[in-house]
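Visitor: Just passing along the structure, written as structure tokens.
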Amino acid sequence: MPMRLAILALLVCSSCSRAAVKQSDVDRMAARWQHVLKLDDWDVIVKFVKVADLPSGTAGVSSRDKASRVVLIAVPYPSEYVALAARSGSTPKTGRRITDDIEDTIVHELVHLRIREIGVLAKAGAISV
């Protein structure tokens, strides 16, 4: 009986450590926060990348084309979180913490965009800050 419990614990533990974050999940996250941050006039694209494709010291990056109002946000594949932790010397995130981290990264990048937008509006005299 103790062996069965050990095997069950291993199975449960290994399945809990995997974050099943799919493209549809990050698209939903981005759409929600895009609306909350009043960036509905932007096209937001989120893509998964390998950690090696991210700048050192980051867990995500964005680039924007203000003429076409498109922002591209790159976040690590959930399976890359071990490599991300190794790069930063931290303990790898697992399960729900990966999902939360990906959403936090999307929000972080969208906040950068929102702050830029506020600056543009203030410079044009459309708002005062």
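Residue numbering restarts at 1 for every chain of the structure tokens, chains are lettered A, B, ... in their displayed order, and ligands are numbered from 1 as they appear.
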Taking the chain letters and numbering used in this document, name the residues of region 58-93 of chain A that DSSP puts in helix (DSSP H, G or I), as a PyMOL selection string.
Guide: chain A and resi 78-88
Visitor: Take the residues that were just selected and, keeping N, CA, C and O atoms, output them as a CSV table (one decimal), in the first residue's frame.
Guide:
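File written: out_9.csv
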```csv
chain,number,residue,atom,x,y,z
A,78,PRO,N,5.3,27.9,-21.3
A,78,PRO,CA,5.3,27.3,-19.9
A,78,PRO,C,6.4,26.3,-19.7
A,78,PRO,O,7.0,26.3,-18.6
A,79,SER,N,6.7,25.5,-20.7
A,79,SER,CA,7.7,24.5,-20.5
A,79,SER,C,9.1,25.1,-20.4
A,79,SER,O,10.1,24.5,-20.0
A,80,GLU,N,9.3,26.4,-20.6
A,80,GLU,CA,10.6,27.1,-20.5
A,80,GLU,C,10.8,27.7,-19.1
A,80,GLU,O,11.8,28.4,-18.9
A,81,TYR,N,9.9,27.5,-18.2
A,81,TYR,CA,10.1,28.1,-16.9
A,81,TYR,C,11.3,27.6,-16.1
A,81,TYR,O,11.8,28.2,-15.2
A,82,VAL,N,11.7,26.3,-16.4
A,82,VAL,CA,12.8,25.8,-15.7
A,82,VAL,C,14.1,26.5,-16.2
A,82,VAL,O,14.9,26.9,-15.5
A,83,ALA,N,14.1,26.8,-17.5
A,83,ALA,CA,15.3,27.5,-18.1
A,83,ALA,C,15.3,29.0,-17.6
A,83,ALA,O,16.3,29.5,-17.4
A,84,LEU,N,14.1,29.5,-17.5
A,84,LEU,CA,14.0,30.9,-17.0
A,84,LEU,C,14.5,31.0,-15.6
A,84,LEU,O,15.2,31.9,-15.3
A,85,ALA,N,14.2,30.1,-14.8
A,85,ALA,CA,14.6,30.0,-13.4
A,85,ALA,C,16.1,29.8,-13.3
A,85,ALA,O,16.9,30.5,-12.5
A,86,ALA,N,16.6,28.9,-14.2
A,86,ALA,CA,18.1,28.7,-14.2
A,86,ALA,C,18.8,29.9,-14.6
A,86,ALA,O,19.9,30.2,-14.0
A,87,ARG,N,18.3,30.7,-15.5
A,87,ARG,CA,18.9,31.9,-16.0
A,87,ARG,C,19.0,33.0,-14.9
A,87,ARG,O,20.0,33.7,-14.8
A,88,SER,N,18.0,33.0,-14.1
A,88,SER,CA,17.9,34.0,-13.0
A,88,SER,C,18.4,33.5,-11.7
A,88,SER,O,18.5,34.3,-10.7
```
Visitor: Determine, counting only C-alpha atoms, which protein, DNA and RNA residues have an atom within 7 Å of an atom of Ile102 (chain A); residues of the same chain fewer than 4 positions away are not included. Present the result as a ChimeraX atom specification.
Guide: /A:75,98,106
Visitor: Those residues you just picked out, can you put them in a file as a PDB file, in the first residue's frame with N, CA, C and O atoms?
Guide:
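Output saved as result_23.pdb:
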```pdb
ATOM      1  N   VAL A  75       6.088  36.104 -24.464  1.00  0.00           N
ATOM      2  CA  VAL A  75       6.180  35.493 -23.130  1.00  0.00           C
ATOM      3  C   VAL A  75       6.776  34.095 -23.280  1.00  0.00           C
ATOM      4  O   VAL A  75       6.632  33.477 -24.330  1.00  0.00           O
ATOM      5  N   ILE A  98       2.894  29.675 -12.844  1.00  0.00           N
ATOM      6  CA  ILE A  98       3.308  29.971 -14.215  1.00  0.00           C
ATOM      7  C   ILE A  98       2.213  30.758 -14.918  1.00  0.00           C
ATOM      8  O   ILE A  98       2.478  31.775 -15.566  1.00  0.00           O
ATOM      9  N   ILE A 106       1.956  39.928 -19.291  1.00  0.00           N
ATOM     10  CA  ILE A 106       1.085  40.572 -20.282  1.00  0.00           C
ATOM     11  C   ILE A 106       0.608  41.925 -19.750  1.00  0.00           C
ATOM     12  O   ILE A 106       0.676  42.942 -20.453  1.00  0.00           O
TER      13      ILE A 106
END
```
Visitor: Write down as a list in words the residues belonging to region 11-122 of chain A that are assigned strand (DSSP E) by DSSP computed on the backbone.
Guide: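 Across region 11-122 of chain A, those assigned strand (DSSP E) are Asp43, Val44, Ile45, Val46, Lys47, Phe48, Val49, Val61, Ser62, Ser63, Arg64, Asp65, Val70, Val71, Leu72, Ile73, Ala74, Val75 and Pro76 of chain A.
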Visitor: Export all heavy atoms of the chosen residues as a tab-separated table (two decimals), in the first residue's frame?
Guide:
```tsv
chain	number	residue	atom	x	y	z
A	43	ASP	N	-4.23	46.52	-31.66
A	43	ASP	CA	-4.26	45.08	-31.87
A	43	ASP	C	-3.15	44.50	-31.00
A	43	ASP	O	-1.98	44.89	-31.14
A	43	ASP	CB	-3.99	44.72	-33.34
A	43	ASP	CG	-5.17	45.04	-34.23
A	43	ASP	OD1	-6.32	44.88	-33.77
A	43	ASP	OD2	-4.95	45.45	-35.38
A	44	VAL	N	-3.51	43.62	-30.10
A	44	VAL	CA	-2.55	43.01	-29.17
A	44	VAL	C	-2.34	41.56	-29.59
A	44	VAL	O	-3.29	40.79	-29.70
A	44	VAL	CB	-3.05	43.08	-27.71
A	44	VAL	CG1	-2.05	42.40	-26.78
A	44	VAL	CG2	-3.28	44.53	-27.30
A	45	ILE	N	-1.09	41.22	-29.83
A	45	ILE	CA	-0.73	39.86	-30.21
A	45	ILE	C	0.24	39.33	-29.16
A	45	ILE	O	1.25	39.99	-28.87
A	45	ILE	CB	-0.05	39.83	-31.60
A	45	ILE	CG1	-0.99	40.41	-32.65
A	45	ILE	CG2	0.39	38.41	-31.95
A	45	ILE	CD1	-0.30	40.76	-33.96
A	46	VAL	N	-0.09	38.18	-28.59
A	46	VAL	CA	0.80	37.54	-27.62
A	46	VAL	C	1.31	36.26	-28.24
A	46	VAL	O	0.54	35.48	-28.80
A	46	VAL	CB	0.06	37.23	-26.29
A	46	VAL	CG1	1.02	36.59	-25.29
A	46	VAL	CG2	-0.55	38.49	-25.70
A	47	LYS	N	2.62	36.07	-28.15
A	47	LYS	CA	3.18	34.82	-28.68
A	47	LYS	C	4.12	34.22	-27.65
A	47	LYS	O	4.76	34.92	-26.87
A	47	LYS	CB	3.87	35.03	-30.01
A	47	LYS	CG	5.18	35.77	-29.94
A	47	LYS	CD	5.86	35.78	-31.30
A	47	LYS	CE	7.28	36.31	-31.17
A	47	LYS	NZ	8.06	36.13	-32.36
A	48	PHE	N	4.17	32.89	-27.66
A	48	PHE	CA	5.11	32.16	-26.81
A	48	PHE	C	6.46	32.09	-27.52
A	48	PHE	O	6.52	31.91	-28.74
A	48	PHE	CB	4.61	30.73	-26.56
A	48	PHE	CG	3.42	30.65	-25.65
A	48	PHE	CD1	2.19	30.24	-26.14
A	48	PHE	CD2	3.53	30.96	-24.30
A	48	PHE	CE1	1.09	30.13	-25.29
A	48	PHE	CE2	2.44	30.87	-23.46
A	48	PHE	CZ	1.21	30.45	-23.96
A	49	VAL	N	7.52	32.25	-26.72
A	49	VAL	CA	8.88	32.15	-27.25
A	49	VAL	C	9.75	31.34	-26.29
A	49	VAL	O	9.38	31.13	-25.13
A	49	VAL	CB	9.52	33.55	-27.45
A	49	VAL	CG1	8.75	34.38	-28.47
A	49	VAL	CG2	9.64	34.31	-26.14
A	61	VAL	N	8.76	40.52	-23.23
A	61	VAL	CA	9.17	41.74	-23.93
A	61	VAL	C	8.07	42.12	-24.91
A	61	VAL	O	7.30	41.25	-25.35
A	61	VAL	CB	10.53	41.54	-24.65
A	61	VAL	CG1	10.41	40.56	-25.79
A	61	VAL	CG2	11.13	42.85	-25.09
A	62	SER	N	7.98	43.40	-25.21
A	62	SER	CA	6.99	43.83	-26.19
A	62	SER	C	7.62	44.78	-27.19
A	62	SER	O	8.62	45.44	-26.90
A	62	SER	CB	5.79	44.50	-25.52
A	62	SER	OG	6.17	45.70	-24.88
A	63	SER	N	7.03	44.81	-28.35
A	63	SER	CA	7.41	45.80	-29.36
A	63	SER	C	6.11	46.32	-29.96
A	63	SER	O	5.11	45.61	-30.01
A	63	SER	CB	8.32	45.19	-30.42
A	63	SER	OG	7.68	44.11	-31.05
A	64	ARG	N	6.14	47.55	-30.40
A	64	ARG	CA	4.91	48.15	-30.90
A	64	ARG	C	5.17	48.87	-32.21
A	64	ARG	O	6.28	49.31	-32.48
A	64	ARG	CB	4.32	49.11	-29.88
A	64	ARG	CG	5.17	50.32	-29.65
A	64	ARG	CD	4.66	51.19	-28.50
A	64	ARG	NE	5.65	52.18	-28.17
A	64	ARG	CZ	5.65	53.42	-28.65
A	64	ARG	NH1	4.70	53.82	-29.46
A	64	ARG	NH2	6.59	54.26	-28.31
A	65	ASP	N	4.14	48.98	-32.98
A	65	ASP	CA	4.15	49.78	-34.19
A	65	ASP	C	3.02	50.78	-34.03
A	65	ASP	O	1.84	50.43	-34.18
A	65	ASP	CB	3.94	48.90	-35.42
A	65	ASP	CG	3.96	49.72	-36.72
A	65	ASP	OD1	3.81	50.95	-36.66
A	65	ASP	OD2	4.11	49.10	-37.78
A	70	VAL	N	-0.28	48.23	-33.42
A	70	VAL	CA	-0.12	46.81	-33.13
A	70	VAL	C	0.99	46.67	-32.09
A	70	VAL	O	2.05	47.28	-32.21
A	70	VAL	CB	0.27	46.01	-34.39
A	70	VAL	CG1	0.58	44.56	-34.04
A	70	VAL	CG2	-0.84	46.07	-35.43
A	71	VAL	N	0.72	45.88	-31.07
A	71	VAL	CA	1.74	45.57	-30.07
A	71	VAL	C	1.90	44.05	-30.04
A	71	VAL	O	0.92	43.30	-30.04
A	71	VAL	CB	1.41	46.14	-28.67
A	71	VAL	CG1	0.12	45.58	-28.11
A	71	VAL	CG2	2.56	45.93	-27.71
A	72	LEU	N	3.15	43.62	-30.05
A	72	LEU	CA	3.48	42.20	-29.98
A	72	LEU	C	4.15	41.94	-28.63
A	72	LEU	O	5.14	42.59	-28.29
A	72	LEU	CB	4.43	41.81	-31.11
A	72	LEU	CG	4.98	40.39	-31.07
A	72	LEU	CD1	3.87	39.37	-31.24
A	72	LEU	CD2	6.03	40.21	-32.15
A	73	ILE	N	3.57	41.04	-27.86
A	73	ILE	CA	4.09	40.70	-26.53
A	73	ILE	C	4.61	39.26	-26.60
A	73	ILE	O	3.88	38.36	-26.99
A	73	ILE	CB	3.01	40.82	-25.44
A	73	ILE	CG1	2.47	42.25	-25.39
A	73	ILE	CG2	3.57	40.39	-24.08
A	73	ILE	CD1	1.26	42.43	-24.49
A	74	ALA	N	5.87	39.07	-26.21
A	74	ALA	CA	6.48	37.74	-26.19
A	74	ALA	C	6.60	37.29	-24.74
A	74	ALA	O	7.13	38.02	-23.90
A	74	ALA	CB	7.85	37.77	-26.85
A	75	VAL	N	6.09	36.10	-24.46
A	75	VAL	CA	6.18	35.49	-23.13
A	75	VAL	C	6.78	34.09	-23.28
A	75	VAL	O	6.63	33.48	-24.33
A	75	VAL	CB	4.80	35.42	-22.43
A	75	VAL	CG1	4.23	36.81	-22.17
A	75	VAL	CG2	3.81	34.58	-23.22
A	76	PRO	N	7.43	33.58	-22.24
A	76	PRO	CA	8.02	32.25	-22.36
A	76	PRO	C	6.97	31.14	-22.43
A	76	PRO	O	5.91	31.24	-21.79
A	76	PRO	CB	8.86	32.09	-21.10
A	76	PRO	CG	8.64	33.28	-20.26
A	76	PRO	CD	7.71	34.20	-20.95
```
Visitor: Go through A:Ala20, A:Ala122, A:Leu113, A:Val51 one by one, measure the shortest atom-to-atom distance of each to Arg69 (chain A) using only C-alpha atoms, and give the residue with the smallest value.
Guide: A:Leu113
Visitor: Smallest atom-to-atom distance to Ala67 (chain A): which of A:Trp42, A:Lys22, A:Ala52, A:Gly119, using only C-alpha atoms?
Guide: A:Trp42
Visitor: From the list A:Val21, A:Ser68, A:Asp40, A:Met29, which residue is nearest Arg114 (chain A) when using only C-alpha atoms?
Guide: A:Asp40
